[in-house]
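Coordinates from entry_26.txt are shown below (compact mmCIF, C-alpha atoms).
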```txt
# COMPACT_ATOMS: atom_id res chain seq x y z
CA MET A 1 136.55 103.97 157.99
CA LYS A 2 136.55 104.05 154.20
CA THR A 3 136.58 107.48 152.59
CA LYS A 4 134.47 108.15 149.49
CA LYS A 5 136.42 108.60 146.30
CA MET A 6 135.71 112.06 145.01
CA ILE A 7 134.88 112.33 141.31
CA PRO A 8 136.51 115.43 139.86
CA PHE A 9 134.08 118.14 138.77
CA TYR A 10 135.35 118.17 135.18
CA PHE A 11 134.77 114.41 134.94
CA LYS A 12 131.17 114.85 136.12
CA ALA A 13 130.72 117.56 133.52
CA ILE A 14 131.96 115.26 130.75
CA ILE A 15 129.53 112.52 131.82
CA LEU A 16 126.66 115.01 131.87
CA LEU A 17 127.50 116.30 128.40
CA LEU A 18 127.66 112.75 127.04
CA LEU A 19 124.28 111.93 128.53
CA LEU A 20 122.71 115.10 127.15
CA SER A 21 124.26 114.49 123.76
CA SER A 22 123.00 110.92 123.72
CA LYS A 23 119.50 112.04 124.71
CA GLN A 24 119.50 114.75 122.05
CA SER A 25 120.72 112.31 119.39
CA PHE A 26 118.03 109.83 120.35
CA GLY A 27 115.42 112.57 120.25
CA GLN A 28 116.58 113.74 116.83
CA GLN A 29 116.45 110.22 115.44
CA GLN A 30 112.99 109.71 116.93
CA THR A 31 111.83 112.97 115.34
CA GLN A 32 113.21 111.92 111.99
CA GLU A 33 111.46 108.54 112.18
CA THR A 34 108.22 110.30 113.13
CA ASN A 35 108.47 112.67 110.17
CA ILE A 36 109.16 109.77 107.82
CA LYS A 37 106.09 107.85 109.01
CA ILE A 38 103.50 110.66 109.01
CA LEU A 39 102.70 110.66 105.29
CA PRO A 40 102.54 106.84 104.88
CA VAL A 41 100.20 106.55 107.89
CA LEU A 42 98.02 109.38 106.61
CA TRP A 43 97.94 107.73 103.18
CA GLN A 44 96.73 104.49 104.76
CA GLN A 45 94.11 106.24 106.87
CA THR A 46 92.80 108.90 104.50
CA SER A 47 93.49 108.09 100.86
CA ALA A 48 90.76 106.62 98.69
CA GLU A 49 93.59 105.13 96.65
CA TYR A 50 94.59 102.89 99.58
CA ARG A 51 91.02 101.60 99.94
CA ALA A 52 90.77 101.05 96.18
CA LEU A 53 93.96 98.99 96.15
CA CYS A 54 92.70 96.83 99.01
CA TYR A 55 89.35 96.24 97.31
CA GLN A 56 91.19 95.50 94.08
CA ALA A 57 93.35 92.85 95.78
CA PHE A 58 90.39 91.10 97.41
CA ASN A 59 88.22 91.36 94.28
CA LEU A 60 91.00 89.65 92.34
CA ALA A 61 91.33 87.01 95.05
CA SER A 62 87.57 86.40 94.83
CA LEU A 63 87.82 85.91 91.07
CA ARG A 64 90.53 83.30 91.64
CA LEU A 65 88.20 81.40 93.98
CA LYS A 66 85.55 81.26 91.28
CA GLU A 67 88.07 79.59 88.96
CA ILE A 68 88.48 76.58 91.26
CA PRO A 69 86.77 73.48 89.77
CA ASN A 70 83.75 72.23 91.74
CA GLN A 71 85.28 68.77 92.06
CA GLN A 72 88.28 70.26 93.84
CA ILE A 73 86.06 72.26 96.19
CA LYS A 74 83.99 69.16 97.07
CA LYS A 75 87.10 67.42 98.40
CA ARG A 76 87.06 70.03 101.21
CA ASN A 77 90.81 70.00 101.77
CA LEU A 78 91.52 73.48 100.42
CA ALA A 79 93.20 76.17 102.50
CA ILE A 80 94.18 79.82 102.32
CA ILE A 81 97.07 81.20 104.36
CA THR A 82 96.88 84.86 105.21
CA ASP A 83 99.05 87.22 107.16
CA LEU A 84 97.24 89.41 109.70
CA ASP A 85 98.78 92.84 110.24
CA GLU A 86 98.16 95.20 107.32
CA THR A 87 96.71 92.27 105.35
CA ILE A 88 93.57 91.54 107.37
CA LEU A 89 93.99 93.83 110.38
CA ASP A 90 94.55 97.57 110.00
CA ASN A 91 96.99 98.78 112.69
CA SER A 92 97.32 102.35 111.44
CA GLY A 93 95.73 103.50 114.70
CA PHE A 94 98.73 102.12 116.55
CA GLU A 95 101.15 103.93 114.24
CA ALA A 96 99.17 107.17 114.62
CA HIS A 97 99.33 106.84 118.41
CA LEU A 98 103.13 106.50 118.34
CA ILE A 99 103.46 109.57 116.13
CA LYS A 100 101.10 111.81 118.09
CA GLU A 101 102.51 110.83 121.48
CA LYS A 102 106.12 110.89 120.21
CA ILE A 103 106.66 107.32 121.43
CA GLN A 104 109.28 105.01 119.98
CA ILE A 105 107.97 101.65 118.83
CA SER A 106 108.77 98.81 121.22
CA ASP A 107 107.55 95.33 122.13
CA ARG A 108 105.84 96.83 125.17
CA GLU A 109 103.90 99.39 123.12
CA TRP A 110 102.95 96.77 120.52
CA ASN A 111 101.71 94.38 123.22
CA LEU A 112 99.63 97.15 124.78
CA TRP A 113 98.00 97.66 121.37
CA THR A 114 97.29 93.99 120.60
CA ASP A 115 95.91 93.46 124.12
CA GLN A 116 93.14 95.93 123.28
CA SER A 117 91.83 93.73 120.41
CA ARG A 118 90.59 96.79 118.55
CA ALA A 119 92.34 96.76 115.18
CA LEU A 120 89.95 97.46 112.31
CA ALA A 121 89.63 95.28 109.23
CA VAL A 122 91.49 96.07 106.02
CA PRO A 123 88.87 97.09 103.42
CA GLY A 124 87.48 94.01 101.65
CA ALA A 125 89.14 91.48 103.96
CA VAL A 126 86.11 90.31 105.93
CA SER A 127 83.78 89.71 102.99
CA PHE A 128 86.49 87.83 101.07
CA LEU A 129 87.38 85.47 103.91
CA GLN A 130 83.71 84.87 104.69
CA GLU A 131 83.14 84.02 101.02
CA ALA A 132 86.04 81.56 101.05
CA ASN A 133 84.75 79.97 104.25
CA LYS A 134 81.28 79.46 102.74
CA MET A 135 82.95 77.56 99.91
CA GLY A 136 84.45 75.16 102.46
CA ILE A 137 87.94 76.63 102.31
CA THR A 138 89.85 76.67 105.61
CA ILE A 139 91.60 79.88 106.65
CA PHE A 140 94.92 79.87 108.51
CA TYR A 141 96.25 83.08 110.04
CA VAL A 142 100.05 82.83 109.87
CA SER A 143 101.36 85.84 111.74
CA ASN A 144 104.55 86.98 113.41
CA ARG A 145 102.61 88.21 116.36
CA ASP A 146 103.97 86.50 119.46
CA THR A 147 102.12 83.40 120.71
CA SER A 148 101.26 85.37 123.86
CA ALA A 149 98.97 87.51 121.67
CA VAL A 150 96.86 84.60 120.38
CA GLU A 151 94.00 85.09 122.84
CA SER A 152 93.64 88.85 122.34
CA THR A 153 93.98 88.42 118.57
CA ILE A 154 91.23 85.80 118.48
CA ILE A 155 88.95 88.25 120.31
CA ASN A 156 89.80 90.87 117.66
CA LEU A 157 89.10 88.43 114.80
CA GLN A 158 85.81 87.33 116.34
CA LYS A 159 84.71 90.96 116.76
CA LEU A 160 85.20 91.36 113.01
CA LYS A 161 83.27 88.11 112.33
CA LEU A 162 86.20 86.44 110.61
CA PRO A 163 86.08 82.67 110.00
CA ASN A 164 88.29 80.09 111.75
CA ALA A 165 89.04 82.58 114.52
CA ASP A 166 90.46 80.08 117.00
CA ALA A 167 93.81 78.92 118.36
CA GLN A 168 94.01 75.98 115.94
CA HIS A 169 94.07 78.31 112.96
CA CYS A 170 96.30 81.05 114.41
CA LEU A 171 99.90 80.03 113.75
CA PHE A 172 101.97 82.69 115.48
CA LYS A 173 105.71 83.15 116.01
CA LYS A 174 107.32 80.96 118.64
CA GLU A 175 111.02 81.39 117.90
CA SER A 176 111.81 82.01 114.25
CA SER A 177 110.29 84.93 112.37
CA SER A 178 110.40 82.82 109.20
CA LYS A 179 106.94 81.59 108.27
CA GLU A 180 108.18 78.77 106.06
CA GLU A 181 107.87 76.02 108.66
CA ARG A 182 104.32 77.07 109.51
CA ARG A 183 103.33 77.21 105.85
CA LEU A 184 104.71 73.72 105.30
CA ALA A 185 102.79 72.44 108.33
CA VAL A 186 99.53 73.60 106.71
CA GLU A 187 100.47 72.00 103.40
CA LYS A 188 100.89 68.60 105.06
CA ASN A 189 97.11 68.31 105.43
CA TYR A 190 95.69 70.84 102.97
CA ASN A 191 95.90 71.83 99.35
CA LEU A 192 97.13 75.41 99.65
CA ILE A 193 95.40 77.44 96.96
CA MET A 194 96.26 81.02 97.93
CA LEU A 195 98.46 83.17 100.17
CA LEU A 196 97.76 86.77 101.15
CA GLY A 197 100.21 89.24 102.65
CA ASP A 198 101.67 92.74 102.66
CA ASN A 199 105.26 91.52 103.00
CA LEU A 200 106.87 89.27 100.41
CA ASN A 201 108.17 87.08 103.24
CA ASP A 202 104.49 86.11 103.67
CA PHE A 203 104.68 84.11 100.45
CA THR A 204 108.01 82.34 100.25
CA ALA A 205 111.29 82.09 102.15
CA ALA A 206 113.09 83.18 98.97
CA PHE A 207 112.68 86.82 100.07
CA GLU A 208 114.07 86.49 103.58
CA LYS A 209 117.11 88.64 104.44
CA LYS A 210 117.67 89.58 100.81
CA ASN A 211 119.02 92.94 99.68
CA ILE A 212 117.12 95.19 97.29
CA PRO A 213 118.47 93.77 93.97
CA GLN A 214 117.90 90.22 95.21
CA ARG A 215 114.33 91.01 96.28
CA LEU A 216 113.61 92.48 92.85
CA THR A 217 115.08 89.41 91.16
CA GLU A 218 113.00 87.04 93.28
CA THR A 219 109.89 89.11 92.51
CA ASP A 220 110.53 88.70 88.78
CA LYS A 221 110.97 84.94 89.20
CA GLU A 222 107.45 84.73 90.67
CA GLN A 223 105.92 86.98 88.00
CA ASN A 224 103.20 84.46 87.11
CA GLN A 225 102.08 84.02 90.73
CA TRP A 226 101.23 87.63 91.58
CA GLY A 227 97.49 88.10 91.38
CA LYS A 228 96.98 84.34 91.13
CA LYS A 229 98.25 82.29 94.05
CA PHE A 230 99.94 85.30 95.69
CA ILE A 231 97.74 88.30 96.58
CA VAL A 232 99.62 91.38 97.84
CA LEU A 233 98.12 94.16 99.99
CA PRO A 234 99.60 97.69 100.13
CA ASN A 235 101.66 98.70 103.18
CA PRO A 236 103.74 101.88 102.85
CA VAL A 237 104.40 102.19 106.60
CA TYR A 238 106.74 99.29 107.43
CA GLY A 239 107.94 95.90 106.26
CA GLU A 240 110.88 93.95 104.91
CA TRP A 241 111.32 96.55 102.17
CA GLU A 242 112.18 99.07 104.89
CA ASN A 243 114.79 96.78 106.48
CA ALA A 244 116.35 96.28 103.06
CA LEU A 245 116.80 100.06 102.69
CA TYR A 246 119.32 99.94 105.55
CA ASN A 247 120.73 96.54 104.52
CA TYR A 248 119.27 95.01 107.71
CA VAL A 249 121.60 97.02 109.99
CA GLN A 250 119.50 98.21 112.94
CA ASN A 251 121.91 100.40 114.90
CA LYS A 252 122.78 103.03 112.30
CA THR A 253 122.92 106.69 113.26
CA GLU A 254 120.42 109.23 111.99
CA HIS A 255 122.99 110.56 109.54
CA GLU A 256 123.83 107.08 108.25
CA ARG A 257 120.16 106.20 107.74
CA GLU A 258 119.49 109.48 105.96
CA GLN A 259 122.50 108.92 103.70
CA ASP A 260 121.35 105.38 102.89
CA LEU A 261 118.01 106.75 101.72
CA LEU A 262 119.56 109.52 99.63
CA ASN A 263 121.98 107.07 98.01
CA LEU A 264 119.08 104.88 96.88
CA LEU A 265 117.23 107.69 95.10
CA VAL A 266 117.53 107.44 91.31
CA GLU A 267 117.36 110.60 89.19
```
The structure given in the file should be rewritten as structure tokens.
Amino acid sequence: MKTKKMIPFYFKAIILLLLLSSKQSFGQQQTQETNIKILPVLWQQTSAEYRALCYQAFNLASLRLKEIPNQQIKKRNLAIITDLDETILDNSGFEAHLIKEKIQISDREWNLWTDQSRALAVPGAVSFLQEANKMGITIFYVSNRDTSAVESTIINLQKLKLPNADAQHCLFKKESSSKEERRLAVEKNYNLIMLLGDNLNDFTAAFEKKNIPQRLTETDKEQNQWGKKFIVLPNPVYGEWENALYNYVQNKTEHEREQDLLNLLVE
């Protein structure tokens, strides 16, 4: 008969302390992330300035449509590519839920949200896309939502009465998070006249995985496109800019992340 190996009491105590320490560290980091997100989410949900910026972006986009020559419109091969989240769909309710329930963001939580098909529209988004559609311009929704979310997203888009709300025009992420291949696929058959997004990766691959100085440089290179072919929506809550703050390292400690942020502040 085999005897059980006894684990010394002091060894059990060490394991328990490590577990408690790990749990406390995780909780502290979660609290810090929550505190960081509260003001940006409140700004998105409550500030008139946020709404004004959204209307401004779509008003400008509408003016650009009016500049298109009639002959070009009559060819009916024009297309607009737009991102979805925080460009057309307002997911601040999801962010607020995470904060209030003290839940860490995860694929599971995000899928539970998208399955509900209840995201609101970003101010000005619906009227602009409907206007473009009436002009004969095709809308493609190029999003990094997973392809498993296509059906629930289409339901959400249809609730908001958005044009081209079908699987053919929803180009979601299959493997790569880069949108370049999907943008090029649209350009094979359409004259792409405009792109809309809240993340600079929504416009060109030149911004992908770039550090802060590189992102600023690439932004300057495209100076003549902003407000013309490229229309940017405000998103203070998350995005590539946030990843760049931590130089794309995901597993940093709370202290390391805090120090990264302090080091970037310029007096």
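Candidate residues A:Leu233, A:Ile212, A:Val126, A:Ala165 were compared for distance to Arg51 of chain A, and the nearest is A:Leu233, using only C-alpha atoms.
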Residues of segment 75-150 of chain A that approach segment 189-198 of chain A to 8 Å or less, counting only C-alpha atoms: could you list each one with the shortest pair of atoms and its distance in Å to one decimal, rows by chain and increasing residue number, as CSV?
```
residue,atom,partner,partner_atom,distance
A:Asn77,CA,A:Tyr190,CA,5.1
A:Leu78,CA,A:Asn191,CA,4.8
A:Ala79,CA,A:Leu192,CA,4.9
A:Ile80,CA,A:Met194,CA,5.0
A:Ile81,CA,A:Leu195,CA,4.8
A:Thr82,CA,A:Leu196,CA,4.6
A:Asp83,CA,A:Gly197,CA,5.1
A:Leu84,CA,A:Gly197,CA,7.7
A:Glu86,CA,A:Asp198,CA,6.3
A:Thr87,CA,A:Gly197,CA,5.4
```
Contacts of segment 248-252 of chain A at 12 Å (only C-alpha atoms; same-chain gap of 2+ positions) as JSON, numbers by chain: {"A": [25, 26, 29, 208, 209, 210, 211, 212, 239, 240, 241, 242, 243, 244, 245, 246, 254, 255, 256, 257, 258, 259, 260]}
What does the distance from atom CA of Ala48 of chain A to atom CA of Gly124 of chain A come to in Å, to one decimal? 13.4 Å
Quick one: which segment 89-111 of chain A residues come within 10 Å of segment 133-148 of chain A, and what is the nearest atom pair for each with the distance in Å to one decimal, counting all atoms listed in the file, rows ordered by chain and ascending number, as a tab-separated table?
```
residue	atom	partner	partner_atom	distance
A:Asp107	CA	A:Asp146	CA	9.9
A:Trp110	CA	A:Arg145	CA	9.5
A:Asn111	CA	A:Asp146	CA	9.0
```
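Taking all atoms listed in the file into account, Phe94 of chain A lies nearest to A:Lys37 out of the set A:Arg76, A:Lys66, A:Lys37, A:Arg215.
For the choices A:Gln56, A:Ser92, A:Thr219, A:Gln225, the atom-to-atom distance to Val41 of chain A is smallest for A:Ser92 when using only C-alpha atoms.
Reported to one decimal place, the separation of atom CA of Ile103 of chain A from atom CA of Ile36 of chain A is 14.1 Å.
As for atom CA of Gly227 of chain A and atom CA of Val186 of chain A, they are spaced 21.2 Å apart.
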If I wrap all listed atoms of segment 162-171 of chain A in a box with edges along x, y and z and add 5 Å on each side, what are its centre and edge lengths in Å to one decimal, as AutoDock Vina command-line options?
```
--center_x 93.0 --center_y 81.2 --center_z 114.2 --size_x 23.8 --size_y 20.5 --size_z 18.4
```
Taking into account only C-alpha atoms, which residue in the set A:Ser106, A:Ser62, A:Pro236, A:Ser117 is nearest to Gln45 of chain A? A:Pro236
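Each of A:Lys173, A:Lys188, A:Arg118, A:Arg183 was compared to Lys159 of chain A using all atoms listed in the file, and A:Arg118 turns out to be the nearest.
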One residue among A:Leu200, A:Leu160, A:Ile99, A:Ala121 is nearest to Leu39 of chain A when using all atoms listed in the file, and that residue is A:Ile99
